[in-house]
$ cat input28.txt   # compact mmCIF, C-alpha atoms
# COMPACT_ATOMS: atom_id res chain seq x y z
CA MET A 18 69.35 112.96 18.33
CA LYS A 19 66.86 115.09 16.39
CA LYS A 20 67.43 118.84 16.65
CA ALA A 21 64.96 121.66 17.13
CA VAL A 22 65.04 125.44 17.25
CA VAL A 23 62.84 126.77 20.07
CA LEU A 24 61.62 130.35 20.20
CA LEU A 25 62.15 131.42 23.79
CA SER A 26 60.75 134.69 25.11
CA GLY A 27 61.25 134.05 28.82
CA GLY A 28 57.51 133.73 29.40
CA LEU A 29 55.48 130.83 30.67
CA ASP A 30 54.37 129.45 27.32
CA SER A 31 57.73 129.43 25.58
CA ALA A 32 59.41 127.86 28.63
CA THR A 33 56.76 125.14 28.65
CA SER A 34 57.25 124.50 24.95
CA LEU A 35 61.02 124.17 25.47
CA TYR A 36 60.47 121.53 28.14
CA TRP A 37 57.85 119.83 25.96
CA ALA A 38 60.39 119.71 23.11
CA ARG A 39 63.00 118.11 25.37
CA ALA A 40 60.44 115.56 26.52
CA GLN A 41 59.83 114.71 22.84
CA GLY A 42 63.50 113.92 22.49
CA TYR A 43 64.65 117.09 20.74
CA HIS A 44 68.09 118.53 21.29
CA CYS A 45 67.16 122.23 21.44
CA ALA A 46 68.80 125.50 20.50
CA CYS A 47 66.85 128.47 21.89
CA LEU A 48 66.45 131.68 19.90
CA ILE A 49 65.94 134.70 22.15
CA PHE A 50 65.14 137.96 20.40
CA ASP A 51 66.39 141.33 21.56
CA TYR A 52 64.00 143.42 19.47
CA GLY A 53 63.77 146.63 21.43
CA GLN A 54 61.10 145.36 23.80
CA ARG A 55 60.29 147.57 26.80
CA HIS A 56 62.66 145.80 29.16
CA ARG A 57 65.55 143.36 29.13
CA LYS A 58 64.23 141.29 31.99
CA GLU A 59 62.59 138.74 29.73
CA ILE A 60 65.88 138.26 27.85
CA LEU A 61 67.70 137.62 31.12
CA GLN A 62 65.02 135.19 32.25
CA ALA A 63 65.01 133.43 28.89
CA ARG A 64 68.76 132.86 29.23
CA LYS A 65 68.20 131.41 32.69
CA ILE A 66 65.49 129.06 31.43
CA ALA A 67 67.67 127.85 28.55
CA ALA A 68 70.46 127.17 31.06
CA CYS A 69 68.04 125.25 33.33
CA ALA A 70 67.06 123.15 30.32
CA LYS A 71 70.74 122.65 29.43
CA SER A 72 70.03 124.12 26.03
CA LYS A 73 72.07 126.50 23.92
CA ALA A 74 70.82 130.10 23.96
CA ILE A 75 71.31 132.34 20.93
CA VAL A 76 70.37 135.97 21.58
CA LEU A 77 69.59 137.66 18.28
CA PRO A 78 69.42 141.43 17.94
CA ILE A 79 66.50 142.58 15.80
CA HIS A 80 66.31 146.18 14.69
CA PHE A 81 62.78 147.53 14.24
CA PRO A 82 63.44 151.23 13.53
CA TRP A 83 59.73 151.92 13.07
CA LYS A 84 57.38 152.25 16.01
CA GLY A 85 53.72 151.35 16.24
CA SER A 86 53.49 149.04 19.25
CA ALA A 87 53.23 149.60 22.98
CA LEU A 88 55.95 146.98 23.39
CA THR A 89 58.54 148.80 21.30
CA ASP A 90 57.55 152.43 21.75
CA ARG A 91 57.71 153.76 25.28
CA LYS A 92 55.48 156.67 24.29
CA ILE A 93 52.57 154.25 23.95
CA GLY A 94 51.36 153.03 27.35
CA VAL A 95 50.72 149.35 28.01
CA PRO A 96 46.94 148.99 28.48
CA LYS A 97 45.87 148.24 32.06
CA ASN A 98 43.04 145.85 32.96
CA ALA A 99 41.91 145.91 29.36
CA LEU A 100 42.02 142.22 28.45
CA GLY A 101 39.60 141.52 25.59
CA LYS A 102 38.49 145.15 25.31
CA THR A 103 40.02 145.59 21.87
CA LYS A 104 40.23 142.85 19.30
CA ILE A 105 43.94 143.43 18.66
CA PRO A 106 45.52 145.47 21.48
CA SER A 107 48.24 148.11 21.11
CA THR A 108 50.82 145.62 22.38
CA TYR A 109 50.61 143.89 18.99
CA VAL A 110 54.04 144.15 17.32
CA PRO A 111 53.70 144.22 13.51
CA ALA A 112 54.70 140.89 11.96
CA ARG A 113 56.68 139.89 15.04
CA ASN A 114 56.11 136.16 14.91
CA THR A 115 56.77 136.13 11.16
CA VAL A 116 60.13 137.80 11.76
CA PHE A 117 60.91 135.38 14.60
CA LEU A 118 59.86 132.30 12.64
CA SER A 119 61.82 133.39 9.59
CA PHE A 120 65.00 133.59 11.68
CA ALA A 121 64.12 130.23 13.23
CA ALA A 122 63.76 128.76 9.74
CA ALA A 123 67.14 130.19 8.71
CA CYS A 124 68.76 128.84 11.87
CA ALA A 125 67.10 125.44 11.56
CA GLU A 126 68.04 125.04 7.93
CA ALA A 127 71.63 126.20 8.46
CA THR A 128 72.15 123.95 11.48
CA GLY A 129 70.30 120.86 10.28
CA ALA A 130 67.41 121.07 12.76
CA ALA A 131 64.24 119.22 11.85
CA ALA A 132 61.74 121.38 13.70
CA ILE A 133 60.87 124.85 14.93
CA ILE A 134 58.92 124.98 18.17
CA ILE A 135 56.90 127.99 19.28
CA GLY A 136 54.68 128.36 22.34
CA ALA A 137 51.93 130.28 20.56
CA ASN A 138 48.51 129.99 22.10
CA ALA A 139 45.15 130.88 20.62
CA VAL A 140 42.93 130.21 23.63
CA ASP A 141 44.02 132.32 26.60
CA PHE A 142 45.68 135.07 24.59
CA SER A 143 45.51 138.75 23.73
CA GLY A 144 44.09 138.28 20.25
CA TYR A 145 47.25 138.69 18.19
CA PRO A 146 46.62 137.40 14.67
CA ASP A 147 50.01 135.67 14.53
CA CYS A 148 49.04 133.34 17.35
CA ARG A 149 46.17 131.61 15.56
CA PRO A 150 46.29 128.15 13.94
CA SER A 151 45.45 129.48 10.46
CA TYR A 152 48.56 131.65 10.60
CA TYR A 153 50.76 128.66 11.40
CA ARG A 154 49.20 126.65 8.60
CA ALA A 155 50.13 129.48 6.22
CA MET A 156 53.64 129.71 7.67
CA ARG A 157 54.16 125.98 7.14
CA GLY A 158 53.36 126.57 3.47
CA VAL A 159 56.04 129.26 3.31
CA ILE A 160 58.63 127.00 4.89
CA ARG A 161 57.68 124.18 2.53
CA ARG A 162 57.87 126.41 -0.56
CA GLY A 163 60.68 128.79 0.33
CA THR A 164 63.48 126.67 1.76
CA LYS A 165 65.96 124.26 0.27
CA ALA A 166 64.84 121.59 2.74
CA GLY A 167 61.24 122.07 1.60
CA ALA A 168 62.17 122.00 -2.09
CA GLN A 169 63.97 118.71 -1.41
CA GLY A 170 60.84 117.22 0.11
CA LYS A 171 61.98 117.39 3.74
CA PRO A 172 60.29 120.54 5.03
CA LEU A 173 61.06 121.80 8.51
CA LEU A 174 58.25 121.19 10.94
CA ILE A 175 56.67 124.12 12.77
CA LEU A 176 55.29 122.71 16.00
CA THR A 177 52.85 124.63 18.18
CA PRO A 178 52.26 122.22 21.07
CA LEU A 179 50.27 124.71 23.18
CA ILE A 180 48.14 126.38 20.55
CA ARG A 181 44.80 124.89 21.59
CA LYS A 182 45.44 124.52 25.31
CA THR A 183 43.99 126.72 28.02
CA LYS A 184 46.43 128.45 30.37
CA PRO A 185 45.58 126.03 33.22
CA GLN A 186 46.29 123.09 30.91
CA ILE A 187 49.63 124.63 29.95
CA ILE A 188 50.59 125.18 33.57
CA ARG A 189 49.64 121.62 34.55
CA LEU A 190 51.72 120.29 31.65
CA GLY A 191 54.65 122.50 32.62
CA ILE A 192 54.56 121.41 36.24
CA LYS A 193 54.62 117.78 35.13
CA LEU A 194 57.62 118.56 32.89
CA GLY A 195 59.50 120.44 35.63
CA VAL A 196 59.43 123.87 33.99
CA PRO A 197 61.15 126.39 36.30
CA TYR A 198 58.18 128.76 36.40
CA GLN A 199 59.90 130.77 39.14
CA SER A 200 62.33 131.91 36.43
CA THR A 201 59.72 132.89 33.84
CA TRP A 202 58.65 136.47 33.24
CA SER A 203 55.41 137.24 31.44
CA CYS A 204 54.72 140.87 32.38
CA TYR A 205 54.98 143.44 29.57
CA GLN A 206 56.57 145.85 32.04
CA GLY A 207 60.02 145.34 33.50
CA GLY A 208 59.46 146.17 37.17
CA ASN A 209 60.65 144.26 40.22
CA LEU A 210 57.27 142.60 40.50
CA PRO A 211 54.87 141.83 37.65
CA CYS A 212 52.50 144.81 37.17
CA GLY A 213 49.43 142.62 37.60
CA SER A 214 47.34 144.61 35.15
CA CYS A 215 48.71 144.07 31.63
CA ASP A 216 47.04 141.41 29.46
CA SER A 217 49.91 139.02 30.00
CA CYS A 218 49.80 139.33 33.81
CA LEU A 219 46.01 138.94 33.85
CA ILE A 220 46.08 135.79 31.72
CA ARG A 221 48.91 134.27 33.76
CA ALA A 222 47.32 135.06 37.13
CA ALA A 223 43.99 133.55 36.01
CA GLY A 224 45.86 130.43 34.93
CA PHE A 225 47.57 129.89 38.27
CA ARG A 226 44.32 130.71 40.10
CA ALA A 227 42.49 128.07 38.04
CA VAL A 228 44.99 125.35 39.00
CA GLY A 229 44.93 126.46 42.64
CA LEU A 230 48.59 127.43 42.83
CA GLN A 231 50.52 130.51 43.81
CA ASP A 232 52.61 131.81 40.90
CA PRO A 233 56.16 130.80 41.88
CA ALA A 234 57.63 133.83 40.07
CA ILE A 235 55.72 136.10 42.45
CA ASP A 236 56.54 133.92 45.47
CA ARG A 237 60.19 134.25 44.62
CA LYS A 238 59.96 138.02 44.27
CA LYS A 239 58.23 138.45 47.61
CA SER A 240 60.65 136.20 49.46
CA MET B 4 49.77 158.95 -2.38
CA LYS B 5 49.89 155.18 -1.79
CA LYS B 6 52.98 153.94 -0.01
CA ALA B 7 55.13 150.87 -0.66
CA VAL B 8 58.11 149.17 0.92
CA VAL B 9 60.60 148.05 -1.73
CA LEU B 10 63.26 145.43 -1.05
CA LEU B 11 66.41 146.85 -2.60
CA SER B 12 69.57 144.77 -2.95
CA GLY B 13 71.49 147.03 -5.31
CA GLY B 14 71.10 144.58 -8.17
CA LEU B 15 69.43 144.95 -11.52
CA ASP B 16 66.11 143.35 -10.64
CA SER B 17 65.44 145.19 -7.40
CA ALA B 18 66.39 148.52 -8.98
CA THR B 19 63.96 147.84 -11.82
CA SER B 20 61.21 146.94 -9.38
CA LEU B 21 61.78 150.20 -7.50
CA TYR B 22 61.38 152.21 -10.70
CA TRP B 23 58.35 150.08 -11.64
CA ALA B 24 56.80 150.87 -8.24
CA ARG B 25 57.34 154.58 -8.75
CA ALA B 26 55.77 154.37 -12.20
CA GLN B 27 52.73 152.73 -10.56
CA GLY B 28 52.38 155.79 -8.37
CA TYR B 29 53.86 154.38 -5.16
CA HIS B 30 55.77 156.54 -2.73
CA CYS B 31 58.57 154.13 -1.85
CA ALA B 32 60.69 153.39 1.20
CA CYS B 33 63.58 151.07 0.34
CA LEU B 34 64.73 148.36 2.74
CA ILE B 35 68.38 147.48 2.26
CA PHE B 36 69.69 144.53 4.29
CA ASP B 37 73.14 144.36 5.75
CA TYR B 38 73.12 140.63 6.48
CA GLY B 39 76.78 139.75 6.43
CA GLN B 40 76.94 139.29 2.67
CA ARG B 41 80.41 138.89 1.15
CA HIS B 42 80.86 142.56 0.37
CA ARG B 43 79.37 145.95 1.16
CA LYS B 44 79.41 147.16 -2.41
CA GLU B 45 75.82 146.16 -3.05
CA ILE B 46 74.70 148.11 0.03
CA LEU B 47 76.50 151.22 -1.21
CA GLN B 48 75.01 150.83 -4.68
CA ALA B 49 71.54 150.24 -3.25
CA ARG B 50 71.82 153.52 -1.35
CA LYS B 51 72.82 155.29 -4.58
CA ILE B 52 69.87 153.80 -6.46
CA ALA B 53 67.41 154.83 -3.73
CA ALA B 54 68.84 158.35 -3.90
CA CYS B 55 68.49 158.39 -7.71
CA ALA B 56 64.85 157.38 -7.26
CA LYS B 57 64.40 160.07 -4.60
CA SER B 58 63.28 157.36 -2.20
CA LYS B 59 64.04 156.87 1.45
CA ALA B 60 66.66 154.20 2.19
CA ILE B 61 66.52 152.20 5.42
CA VAL B 62 69.58 150.01 5.96
CA LEU B 63 68.69 147.19 8.34
CA PRO B 64 71.34 145.09 10.06
CA ILE B 65 70.48 141.38 10.10
CA HIS B 66 72.50 139.03 12.24
CA PHE B 67 72.81 135.48 10.89
CA PRO B 68 75.28 133.90 13.32
CA TRP B 69 75.01 130.54 11.58
CA LYS B 70 76.81 129.82 8.32
CA GLY B 71 75.79 127.56 5.48
CA SER B 72 75.89 129.79 2.41
CA ALA B 73 78.63 130.90 0.06
CA LEU B 74 77.23 134.42 0.39
CA THR B 75 77.65 134.64 4.15
CA ASP B 76 80.59 132.31 4.77
CA ARG B 77 83.85 133.29 3.14
CA LYS B 78 85.17 129.77 3.63
CA ILE B 79 82.71 128.57 0.98
CA GLY B 80 83.76 129.67 -2.49
CA VAL B 81 81.27 131.24 -4.90
CA PRO B 82 80.78 128.73 -7.75
CA LYS B 83 82.33 129.80 -11.07
CA ASN B 84 80.72 129.16 -14.45
CA ALA B 85 78.31 126.73 -12.80
CA LEU B 86 74.93 128.21 -13.71
CA GLY B 87 72.30 125.49 -13.71
CA LYS B 88 74.74 122.79 -12.67
CA THR B 89 73.11 122.29 -9.28
CA LYS B 90 69.41 122.69 -8.63
CA ILE B 91 69.97 124.95 -5.64
CA PRO B 92 73.52 126.36 -5.59
CA SER B 93 75.66 127.02 -2.52
CA THR B 94 74.88 130.74 -2.78
CA TYR B 95 71.39 129.97 -1.45
CA VAL B 96 70.99 131.74 1.92
CA PRO B 97 68.61 129.82 4.21
CA ALA B 98 65.21 131.53 4.43
CA ARG B 99 66.65 134.84 3.25
CA ASN B 100 63.64 136.16 1.38
CA THR B 101 61.34 135.08 4.21
CA VAL B 102 63.44 137.10 6.65
CA PHE B 103 63.48 140.08 4.28
CA LEU B 104 59.75 139.93 3.58
CA SER B 105 58.91 139.60 7.26
CA PHE B 106 60.81 142.81 7.98
CA ALA B 107 59.10 144.44 5.01
CA ALA B 108 55.73 143.39 6.42
CA ALA B 109 56.62 144.84 9.81
CA CYS B 110 57.80 148.07 8.20
CA ALA B 111 54.78 148.31 5.92
CA GLU B 112 52.31 147.70 8.71
CA ALA B 113 54.00 150.10 11.10
CA THR B 114 54.27 152.87 8.51
CA GLY B 115 50.90 152.43 6.81
CA ALA B 116 52.24 151.18 3.47
CA ALA B 117 49.83 149.26 1.28
CA ALA B 118 52.32 147.10 -0.59
CA ILE B 119 55.63 145.28 -0.45
CA ILE B 120 57.52 145.09 -3.74
CA ILE B 121 60.25 142.57 -4.44
CA GLY B 122 62.17 142.01 -7.67
CA ALA B 123 62.15 138.22 -7.44
CA ASN B 124 62.45 136.39 -10.72
CA ALA B 125 61.76 132.75 -11.50
CA VAL B 126 62.85 132.66 -15.14
CA ASP B 127 66.49 133.75 -15.47
CA PHE B 128 67.54 132.83 -11.95
CA SER B 129 69.80 130.56 -9.93
CA GLY B 130 67.05 128.23 -8.77
CA TYR B 131 66.49 129.56 -5.26
CA PRO B 132 63.19 128.20 -3.93
CA ASP B 133 62.23 131.57 -2.43
CA CYS B 134 62.10 133.17 -5.87
CA ARG B 135 59.26 131.04 -7.24
CA PRO B 136 55.61 132.11 -7.62
CA SER B 137 54.31 129.34 -5.31
CA TYR B 138 56.47 130.72 -2.51
CA TYR B 139 54.98 134.20 -2.92
CA ARG B 140 51.47 132.78 -2.92
CA ALA B 141 52.27 131.11 0.40
CA MET B 142 53.81 134.31 1.75
CA ARG B 143 50.69 136.27 0.85
CA GLY B 144 48.73 133.81 2.99
CA VAL B 145 51.05 134.50 5.93
CA ILE B 146 50.66 138.24 5.55
CA ARG B 147 46.89 137.88 5.31
CA ARG B 148 46.67 135.64 8.37
CA GLY B 149 49.42 137.01 10.56
CA THR B 150 49.07 140.78 10.50
CA LYS B 151 46.61 143.22 12.02
CA ALA B 152 45.98 144.69 8.57
CA GLY B 153 45.13 141.22 7.26
CA ALA B 154 42.88 140.41 10.20
CA GLN B 155 41.04 143.65 9.50
CA GLY B 156 40.46 142.63 5.91
CA LYS B 157 43.02 144.96 4.34
CA PRO B 158 46.03 142.71 3.76
CA LEU B 159 49.27 144.17 2.53
CA LEU B 160 49.98 143.34 -1.07
CA ILE B 161 53.16 141.49 -2.01
CA LEU B 162 53.93 142.50 -5.58
CA THR B 163 56.46 140.63 -7.72
CA PRO B 164 56.36 142.57 -10.99
CA LEU B 165 59.32 140.75 -12.55
CA ILE B 166 58.66 137.19 -11.48
CA ARG B 167 57.74 135.79 -14.89
CA LYS B 168 59.88 138.06 -17.06
CA THR B 169 63.08 137.05 -18.80
CA LYS B 170 66.20 139.07 -18.04
CA PRO B 171 66.05 140.80 -21.46
CA GLN B 172 62.42 141.78 -20.77
CA ILE B 173 63.45 143.18 -17.38
CA ILE B 174 66.29 145.19 -18.91
CA ARG B 175 64.05 146.60 -21.64
CA LEU B 176 61.47 147.60 -19.02
CA GLY B 177 64.16 149.17 -16.86
CA ILE B 178 65.61 151.18 -19.73
CA LYS B 179 62.14 152.52 -20.52
CA LEU B 180 61.71 153.48 -16.85
CA GLY B 181 65.12 155.18 -16.62
CA VAL B 182 66.71 152.76 -14.13
CA PRO B 183 70.32 153.84 -13.48
CA TYR B 184 71.82 150.47 -14.42
CA GLN B 185 75.29 151.97 -14.26
CA SER B 186 74.80 152.13 -10.48
CA THR B 187 73.57 148.57 -10.03
CA TRP B 188 75.79 145.76 -8.79
CA SER B 189 74.82 142.12 -9.33
CA CYS B 190 78.10 140.25 -8.83
CA TYR B 191 78.32 138.03 -5.75
CA GLN B 192 81.92 139.11 -5.34
CA GLY B 193 82.90 142.62 -4.31
CA GLY B 194 85.77 143.35 -6.68
CA ASN B 195 86.40 146.48 -8.72
CA LEU B 196 84.84 144.84 -11.75
CA PRO B 197 82.16 142.14 -11.75
CA CYS B 198 83.82 138.70 -11.65
CA GLY B 199 82.02 137.60 -14.81
CA SER B 200 81.72 133.98 -13.68
CA CYS B 201 79.27 133.79 -10.77
CA ASP B 202 75.64 132.88 -11.55
CA SER B 203 74.55 136.45 -11.12
CA CYS B 204 77.17 137.84 -13.52
CA LEU B 205 76.38 135.15 -16.09
CA ILE B 206 72.64 135.83 -16.02
CA ARG B 207 73.16 139.58 -16.21
CA ALA B 208 75.66 139.41 -19.07
CA ALA B 209 73.37 137.12 -21.07
CA GLY B 210 70.51 139.60 -20.52
CA PHE B 211 72.45 142.58 -21.84
CA ARG B 212 73.79 140.51 -24.72
CA ALA B 213 70.25 139.51 -25.66
CA VAL B 214 69.10 143.11 -25.88
CA GLY B 215 72.23 144.09 -27.80
CA LEU B 216 73.57 146.51 -25.22
CA GLN B 217 76.81 146.90 -23.33
CA ASP B 218 76.23 146.63 -19.56
CA PRO B 219 76.55 150.26 -18.39
CA ALA B 220 77.95 149.15 -15.01
CA ILE B 221 80.91 147.60 -16.82
CA ASP B 222 81.23 150.53 -19.21
CA ARG B 223 81.46 152.87 -16.27
CA LYS B 224 84.13 150.73 -14.58
CA LYS B 225 86.27 150.59 -17.68
CA SER B 226 86.04 154.29 -18.38

$ encode --input "input28.txt" --output "structure tokens"
Amino acid sequence: MKKAVVLLSGGLDSATSLYWARAQGYHCACLIFDYGQRHRKEILQARKIAACAKSKAIVLPIHFPWKGSALTDRKIGVPKNALGKTKIPSTYVPARNTVFLSFAAACAEATGAAAIIIGANAVDFSGYPDCRPSYYRAMRGVIRRGTKAGAQGKPLLILTPLIRKTKPQIIRLGIKLGVPYQSTWSCYQGGNLPCGSCDSCLIRAAGFRAVGLQDPAIDRKKS
Amino acid sequence: MKKAVVLLSGGLDSATSLYWARAQGYHCACLIFDYGQRHRKEILQARKIAACAKSKAIVLPIHFPWKGSALTDRKIGVPKNALGKTKIPSTYVPARNTVFLSFAAACAEATGAAAIIIGANAVDFSGYPDCRPSYYRAMRGVIRRGTKAGAQGKPLLILTPLIRKTKPQIIRLGIKLGVPYQSTWSCYQGGNLPCGSCDSCLIRAAGFRAVGLQDPAIDRKKS
């Protein structure tokens, strides 16, 4: 069975990409990063999602001693109702996806996985540069040039199955695949209920509204 | 004063690149990675070199829970007197430089540094794919595409001042720049004296021999 390393954040997109990977026949190991994000809820939820998908979860500690992002520095507030107001919002974490993908490449190469799967999306997103297709094209070049597998002519694949989908398309796909959306957590804050005003909450809520469904994560919280 | 992030391993090349960066007028912060390598000697020496260069040292823990390299798995022996015998030796650490450079990019972006400096060399080297110029070209593309600085048209530089130099050329440059070679440690093993038989020792010894000098790190140990 072909193996893949899936980057799992605990959010809607990464959970969908994990289930997509399974549907493609990949045996998945999930990398979950503990990088000093504002709350540990997403790590907990990511573990739950990996368990639902009967996939191995590897929680990796990442030490970013510098600050500079609203997601890793509690002194910087998470912008409220500000989606699209700045090109790259303060929740951007410097080089985050490059760090995550580099660990995924190391893991994939060391464990004999053929692919890395990431739920990046460049349609309904906050504008982070490391979510755009041109970035992934560049990253594929790095993996091809900088790994033993690549030098031997068998480069690891970096798959971005959701990159050009809208949020409603992602949700419809996920529902078809049986993604446990009630266990996903997208909010940048770590409250009991999603804050409803950060970029991530706004994009998610618009997605569920567009497909005419109540967000099951919120249903669950209210019940 | 322009700022740079220097990847410092404690070896000859990275120490030379730090002194090169200073000579170029960079104010340097040194990233030293504690990634489960076979011994801690190189971390200690890297700290000493940063102190000699009056540069800040940041030691970053990196957790590679997978194995697959003679440098991170003590069950795999370091090859002896085997330089050039395999295209990519067992001391290759999967995606190591990509992990290191991604952290350097995060650090540089978060701290306002303009450049990342790495002492990679593709002439007198073990054959690691992530030491070759084509890899760095690809990595520059990632930095340009995947960071806020890049998206704003001011991409971080990745400088590889030693990449096309021979080891004797590097040593001559370092001597001119006052690099404290007596404090550098290149051996893959962590003994009292360099083992003299790993790839790194062989390349270093040939370099000093070619410039007609005794290696000051060995002098110091014997004295």

$ closest_residue --input "input28.txt" --among "A:Cys212, A:Ile105, A:Ile187, A:Cys204" --to "chain B" --atoms "only C-alpha atoms"
A:Ile105

$ interface_residues --input "input28.txt" --of "chain A" --to "chain B" --cutoff "6 Å" --atoms "only C-alpha atoms" --output "PyMOL selection string"
chain A and resi 85+111-112+115-116+119+123+127+146-147+152+155-156+158-159+162-164

$ write_last_selection --input "input28.txt" --atoms "C-alpha atoms" --output "PDB file, keeping the file's coordinate frame"
ATOM      1  CA  GLY A  85      53.720 151.350  16.240  1.00  0.00           C
ATOM      2  CA  PRO A 111      53.700 144.220  13.510  1.00  0.00           C
ATOM      3  CA  ALA A 112      54.700 140.890  11.960  1.00  0.00           C
ATOM      4  CA  THR A 115      56.770 136.130  11.160  1.00  0.00           C
ATOM      5  CA  VAL A 116      60.130 137.800  11.760  1.00  0.00           C
ATOM      6  CA  SER A 119      61.820 133.390   9.590  1.00  0.00           C
ATOM      7  CA  ALA A 123      67.140 130.190   8.710  1.00  0.00           C
ATOM      8  CA  ALA A 127      71.630 126.200   8.460  1.00  0.00           C
ATOM      9  CA  PRO A 146      46.620 137.400  14.670  1.00  0.00           C
ATOM     10  CA  ASP A 147      50.010 135.670  14.530  1.00  0.00           C
ATOM     11  CA  TYR A 152      48.560 131.650  10.600  1.00  0.00           C
ATOM     12  CA  ALA A 155      50.130 129.480   6.220  1.00  0.00           C
ATOM     13  CA  MET A 156      53.640 129.710   7.670  1.00  0.00           C
ATOM     14  CA  GLY A 158      53.360 126.570   3.470  1.00  0.00           C
ATOM     15  CA  VAL A 159      56.040 129.260   3.310  1.00  0.00           C
ATOM     16  CA  ARG A 162      57.870 126.410  -0.560  1.00  0.00           C
ATOM     17  CA  GLY A 163      60.680 128.790   0.330  1.00  0.00           C
ATOM     18  CA  THR A 164      63.480 126.670   1.760  1.00  0.00           C
TER      19      THR A 164
END

$ residues_around --input "input28.txt" --residues "Trp37 in chain A" --least-positions-apart "4" --cutoff "8 Å" --atoms "all atoms listed in the file" --output "list in words"
Thr33, Gln41, Pro178, Gly191 and Leu194 of chain A

$ closest_residue --input "input28.txt" --among "A:Ala74, A:Ile220, A:Leu25, A:Ala234" --to "Gly101 in chain A" --atoms "all atoms listed in the file"
A:Ile220

$ atom_distance --input "input28.txt" --atom1 "CA of Arg41 in chain B" --atom2 "CA of Phe128 in chain B"
19.3 Å

$ residues_near_point --input "input28.txt" --point "(62.8, 143.1, -3.0)" --cutoff "6 Å" --atoms "all atoms listed in the file" --output "JSON, numbers by chain"
{"B": [9, 10, 11, 17, 120, 121, 122]}

$ atom_distance --input "input28.txt" --atom1 "CA of Lys182 in chain A" --atom2 "CA of Pro158 in chain B"
28.2 Å

$ decode --input "input28.txt" --residues "range 25-43 of chain B" --atoms "C-alpha atoms" --output "PDB file, in the first residue's frame"
ATOM      1  CA  ARG B  25      30.740  39.768   9.136  1.00  0.00           C
ATOM      2  CA  ALA B  26      33.324  40.951   6.617  1.00  0.00           C
ATOM      3  CA  GLN B  27      30.437  41.805   4.267  1.00  0.00           C
ATOM      4  CA  GLY B  28      29.044  44.078   6.947  1.00  0.00           C
ATOM      5  CA  TYR B  29      26.271  41.827   8.240  1.00  0.00           C
ATOM      6  CA  HIS B  30      25.183  41.857  11.848  1.00  0.00           C
ATOM      7  CA  CYS B  31      24.726  38.124  12.377  1.00  0.00           C
ATOM      8  CA  ALA B  32      22.463  35.911  14.453  1.00  0.00           C
ATOM      9  CA  CYS B  33      23.639  32.291  14.401  1.00  0.00           C
ATOM     10  CA  LEU B  34      21.177  29.406  14.293  1.00  0.00           C
ATOM     11  CA  ILE B  35      22.603  26.247  15.829  1.00  0.00           C
ATOM     12  CA  PHE B  36      20.479  23.105  15.505  1.00  0.00           C
ATOM     13  CA  ASP B  37      20.237  20.461  18.165  1.00  0.00           C
ATOM     14  CA  TYR B  38      18.673  17.780  15.973  1.00  0.00           C
ATOM     15  CA  GLY B  39      19.709  14.592  17.689  1.00  0.00           C
ATOM     16  CA  GLN B  40      23.087  14.407  15.981  1.00  0.00           C
ATOM     17  CA  ARG B  41      25.521  11.795  17.297  1.00  0.00           C
ATOM     18  CA  HIS B  42      27.261  14.131  19.707  1.00  0.00           C
ATOM     19  CA  ARG B  43      26.852  17.533  21.322  1.00  0.00           C
TER      20      ARG B  43
END
